[in-house]
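Undergrad: Below you'll find the structure I mean.
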Amino acid sequence: MDAPIVVHGPSRTGGRAVTINDEIVGLVHDDQGLIALLRRAGLYDAEHCLEDPHWIEWRGGWPHQYRWGNS
């Protein structure tokens, strides 16, 4: 089973798009923004899901990195 939440790769202008069940729900610039977005979507235990591959798939870049390139 695929993770329902996907954090897509960093954009050239900064931030990462987030989809839940293939629906775009927002753009985040850091872990705190991601946690807030997931809580608004109803995942109240969001901070504990960031490292759980059953919940979140990090695509196109390292987890927790929100800027394009090496920084």
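Chain labels A, B, ... are given in the sequence in which chains occur in the structure tokens; within each chain residues are numbered consecutively from 1, and ligands are likewise numbered from 1 in the order shown.
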Could you write out, as an MDAnalysis selection string, all the residues of chain A that DSSP marks as strand (DSSP E or B)?

TA: chainID A and resid 5:10 16:20 23:28 56:58

Undergrad: Please list as a list in words every residue within 8 Å of region 19-24 of chain A, counting only C-alpha atoms and excluding residues in the same chain fewer than 3 positions away.

TA: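 Here the qualifying residues turn out to be Pro4, Ile5, Val6, Val7 and His8 of chain A.
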
Undergrad: Quick one: write out the picked residues with N, CA and C atoms as a PDB file, in the first residue's frame?

TA:
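Everything below was put into part34.pdb:
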```pdb
ATOM      1  N   PRO A   4      -0.491   7.546   2.026  1.00  0.00           N
ATOM      2  CA  PRO A   4      -1.526   8.481   1.582  1.00  0.00           C
ATOM      3  C   PRO A   4      -1.019   9.917   1.437  1.00  0.00           C
ATOM      4  N   ILE A   5       0.086  10.240   2.116  1.00  0.00           N
ATOM      5  CA  ILE A   5       0.629  11.598   2.086  1.00  0.00           C
ATOM      6  C   ILE A   5       1.950  11.570   1.328  1.00  0.00           C
ATOM      7  N   VAL A   6       2.087  12.475   0.362  1.00  0.00           N
ATOM      8  CA  VAL A   6       3.332  12.588  -0.388  1.00  0.00           C
ATOM      9  C   VAL A   6       3.848  14.011  -0.254  1.00  0.00           C
ATOM     10  N   VAL A   7       5.113  14.113   0.166  1.00  0.00           N
ATOM     11  CA  VAL A   7       5.810  15.392   0.190  1.00  0.00           C
ATOM     12  C   VAL A   7       6.722  15.374  -1.034  1.00  0.00           C
ATOM     13  N   HIS A   8       6.378  16.193  -2.012  1.00  0.00           N
ATOM     14  CA  HIS A   8       7.086  16.192  -3.291  1.00  0.00           C
ATOM     15  C   HIS A   8       8.401  16.954  -3.175  1.00  0.00           C
TER      16      HIS A   8
END
```

Undergrad: Counting only C-alpha atoms, which of A:His29, A:Cys49, A:Arg39, A:Val18 gets nearest to Trp68 (chain A)?

TA: A:His29

Undergrad: According to DSSP computed on the backbone, where in chain A is there helix (DSSP H, G or I)? Give the residues as a list of chain:residue names.

TA: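 Residues meeting the helix (DSSP H, G or I) criterion: A:Asp31, A:Gln32, A:Gly33, A:Leu34, A:Ile35, A:Ala36, A:Leu37, A:Leu38, A:Arg39, A:Arg40, A:Ala46, A:Glu47, A:His48.
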
Undergrad: Tell me, as a ChimeraX atom specification, which residues lie within 9 Å of Ala46 (chain A), counting only C-alpha atoms; anything in the same chain fewer than 4 positions away does not count.

TA: /A:34-39,42,50

Undergrad: Counting only C-alpha atoms, what is within 6 Å of region 65-67 of chain A, bar same-chain residues fewer than 2 positions away, as a ChimeraX atom specification?

TA: /A:10,14-15,29,62-63

Undergrad: Just the number, please: distance in Å from CA of Gly61 (chain A) to CA of Ser11 (chain A), one decimal.

TA: 10.1 Å
